[in-house]
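Right, one structure below, let's go through it.
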Amino acid sequence: MIEALRIAQERNLDLIQVTEKVDPPVCKIGDYGKYLYWLEKKDKGARHGGEVKGIRLTFNISTHDLETRAAQAEKFLKKGDKIRVEMVLRGREKALSEVARIKVVQFMEALGKLIPIKTERELKKDPRGFTMIISKG
């Protein structure tokens, strides 16, 4: 330890203790400011919640396509991303909004069988249809 400290001082660097859990403690020679910056950057990357991916459902979607989209959503959730589920309604479909709501619920049930989910934003009616945001539960 004393020899490592002497070498660090000769090179105008710092002796950085990496871990204290082992005996002798693990140290490395380097710039302490740079080390702190690196740790901060590493923490920021770990906290990143992922992006919001979109899954778009249509009014006349078949059950097989619904399951396919649920499988795709499962991949996104496992990666750590959130999902925006969109049900776009056009023309007369807007008058049958209850049927569209049932389709979204079916999608949520199919996805719930694959992976536990948590709703970030409840199902909300927009001028173009329905949207909701879900994440891994």
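Labeling convention for the structure tokens: chains A, B, ... as they appear, residues from 1 per chain, ligands from 1 in order of appearance.
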If you run DSSP on the backbone here, which positions in chain A get strand (DSSP E or B)? Please write them as a count of residues only.
42
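Look at Arg56 in chain A: the protein and nucleic acid residues within 8 Å of it, using only C-alpha atoms and passing over chain neighbours fewer than 3 places away, are A:Val85, A:Glu86, A:Met87, A:Val88.
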Go ahead and write the residues just picked, N, CA and C atoms, as a PDB file, in the first residue's frame.
```
ATOM      1  N   VAL A  85     -49.585   2.244 -25.783  1.00  0.00           N
ATOM      2  CA  VAL A  85     -50.537   1.448 -26.556  1.00  0.00           C
ATOM      3  C   VAL A  85     -51.518   2.431 -27.187  1.00  0.00           C
ATOM      4  N   GLU A  86     -51.629   2.364 -28.513  1.00  0.00           N
ATOM      5  CA  GLU A  86     -52.518   3.273 -29.238  1.00  0.00           C
ATOM      6  C   GLU A  86     -53.554   2.461 -30.009  1.00  0.00           C
ATOM      7  N   MET A  87     -54.784   2.869 -29.887  1.00  0.00           N
ATOM      8  CA  MET A  87     -55.868   2.288 -30.689  1.00  0.00           C
ATOM      9  C   MET A  87     -56.403   3.441 -31.530  1.00  0.00           C
ATOM     10  N   VAL A  88     -56.053   3.449 -32.810  1.00  0.00           N
ATOM     11  CA  VAL A  88     -56.454   4.533 -33.700  1.00  0.00           C
ATOM     12  C   VAL A  88     -57.829   4.210 -34.279  1.00  0.00           C
TER      13      VAL A  88
END
```
Applying 10 Å and only C-alpha atoms, which residues near Gly30 in chain A remain after dropping the ones on its own chain fewer than 2 positions away? List them as a PyMOL selection string.
chain A and resi 8+11-16+27-28+32-35
Which of these residues is nearest to Thr58 in chain A, using only C-alpha atoms: A:Ala4, A:Ala100, A:Ile115, A:Ala110?
A:Ala100
Would you pick out the contacts of Asp81 in chain A at 8 Å or less, using only C-alpha atoms, so that residues sharing its chain but fewer than 6 positions from it are not included, and give the list as a compact mmCIF listing (two decimals) with C-alpha atoms, in the first residue's frame?
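Final file, out.txt:
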```txt
# COMPACT_ATOMS: atom_id res chain seq x y z
CA GLY A 49 -35.67 4.04 -17.66
CA GLY A 50 -35.58 3.39 -21.36
CA GLU A 51 -37.60 5.02 -24.04
CA VAL A 52 -41.30 4.93 -24.78
CA LYS A 53 -42.04 2.46 -27.56
CA SER A 135 -44.39 -0.43 -17.91
```
State, in Å with one decimal place, the distance from CA of Glu74 in chain A to CA of Gly112 in chain A.
9.3 Å
Near Arg101 in chain A, counting only C-alpha atoms, which residues have an atom at most 10 Å away, once you skip same-chain residues fewer than 3 positions from it, shown as a ChimeraX atom specification?
/A:59,87,96-98,104-107,123-125,129-130
Can you spit out the residues from that selection as a PDB file, in the first residue's frame, using C-alpha atoms?
```pdb
ATOM      1  CA  PHE A  59     -60.093  -1.584 -34.751  1.00  0.00           C
ATOM      2  CA  MET A  87     -55.868   2.288 -30.689  1.00  0.00           C
ATOM      3  CA  LEU A  96     -68.045   2.204 -31.663  1.00  0.00           C
ATOM      4  CA  SER A  97     -65.531   3.273 -29.051  1.00  0.00           C
ATOM      5  CA  GLU A  98     -66.725   0.636 -26.554  1.00  0.00           C
ATOM      6  CA  VAL A 104     -57.391  -2.803 -25.769  1.00  0.00           C
ATOM      7  CA  VAL A 105     -58.457  -4.733 -22.657  1.00  0.00           C
ATOM      8  CA  GLN A 106     -57.955  -8.003 -24.571  1.00  0.00           C
ATOM      9  CA  PHE A 107     -54.458  -6.850 -25.516  1.00  0.00           C
ATOM     10  CA  LEU A 123     -56.681   4.258 -20.881  1.00  0.00           C
ATOM     11  CA  LYS A 124     -57.593   7.720 -22.135  1.00  0.00           C
ATOM     12  CA  LYS A 125     -59.836   8.739 -25.038  1.00  0.00           C
ATOM     13  CA  GLY A 129     -58.765   6.995 -30.456  1.00  0.00           C
ATOM     14  CA  PHE A 130     -57.403   5.565 -27.203  1.00  0.00           C
TER      15      PHE A 130
END
```
Can you measure CA of Pro25 in chain A to CA of Met1 in chain A for me? One decimal in Å is fine.
8.8 Å
Within range 30-130 of chain A, find each residue whose DSSP state, derived from the backbone, is alpha helix (DSSP H), and express the selection as a VMD selection string.
chain A and resid 32 to 47 63 to 79 97 to 114
Those same residues, written as a compact mmCIF listing (two decimals), in the first residue's frame with C-alpha atoms?
```txt
# COMPACT_ATOMS: atom_id res chain seq x y z
CA TYR A 32 -9.52 10.85 -8.75
CA GLY A 33 -11.61 13.57 -10.43
CA LYS A 34 -11.83 11.50 -13.60
CA TYR A 35 -12.80 8.45 -11.52
CA LEU A 36 -15.64 10.35 -9.81
CA TYR A 37 -16.87 11.62 -13.20
CA TRP A 38 -16.83 8.06 -14.56
CA LEU A 39 -18.80 6.76 -11.55
CA GLU A 40 -21.40 9.52 -11.95
CA LYS A 41 -21.80 8.74 -15.65
CA LYS A 42 -22.16 5.04 -14.87
CA ASP A 43 -24.93 5.78 -12.33
CA LYS A 44 -26.80 7.98 -14.81
CA GLY A 45 -26.79 5.17 -17.38
CA ALA A 46 -28.14 2.69 -14.83
CA ARG A 47 -31.03 4.98 -13.88
CA THR A 63 -56.68 -12.27 -31.99
CA HIS A 64 -53.50 -13.72 -33.52
CA ASP A 65 -52.21 -10.25 -34.41
CA LEU A 66 -53.13 -9.11 -30.90
CA GLU A 67 -50.97 -11.92 -29.45
CA THR A 68 -48.12 -11.05 -31.84
CA ARG A 69 -48.19 -7.43 -30.69
CA ALA A 70 -48.27 -8.61 -27.06
CA ALA A 71 -45.13 -10.69 -27.70
CA GLN A 72 -43.42 -7.64 -29.23
CA ALA A 73 -44.49 -5.53 -26.25
CA GLU A 74 -43.05 -8.18 -23.92
CA LYS A 75 -39.63 -7.79 -25.62
CA PHE A 76 -39.77 -4.01 -25.13
CA LEU A 77 -40.73 -4.36 -21.46
CA LYS A 78 -37.96 -6.87 -20.76
CA LYS A 79 -35.50 -4.40 -22.25
CA SER A 97 -65.53 3.27 -29.05
CA GLU A 98 -66.72 0.64 -26.55
CA VAL A 99 -65.71 -2.17 -28.94
CA ALA A 100 -62.29 -0.53 -29.31
CA ARG A 101 -61.95 -0.31 -25.53
CA ILE A 102 -62.66 -4.07 -25.29
CA LYS A 103 -59.90 -4.76 -27.87
CA VAL A 104 -57.39 -2.80 -25.77
CA VAL A 105 -58.46 -4.73 -22.66
CA GLN A 106 -57.96 -8.00 -24.57
CA PHE A 107 -54.46 -6.85 -25.52
CA MET A 108 -53.69 -6.02 -21.88
CA GLU A 109 -54.91 -9.46 -20.77
CA ALA A 110 -52.77 -11.20 -23.41
CA LEU A 111 -49.74 -9.16 -22.32
CA GLY A 112 -50.52 -9.77 -18.64
CA LYS A 113 -50.26 -13.52 -19.25
CA LEU A 114 -46.73 -13.08 -20.63
```
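Take the candidates A:Glu120, A:Glu10, A:Glu3, A:Asp23 and check each one against Gly137 in chain A using only C-alpha atoms; the shortest distance goes to A:Glu120.
For the choices A:Ile83, A:Leu89, A:Ile117, A:Ala95, the atom-to-atom distance to Ile133 in chain A is smallest for A:Ile83 when using only C-alpha atoms.
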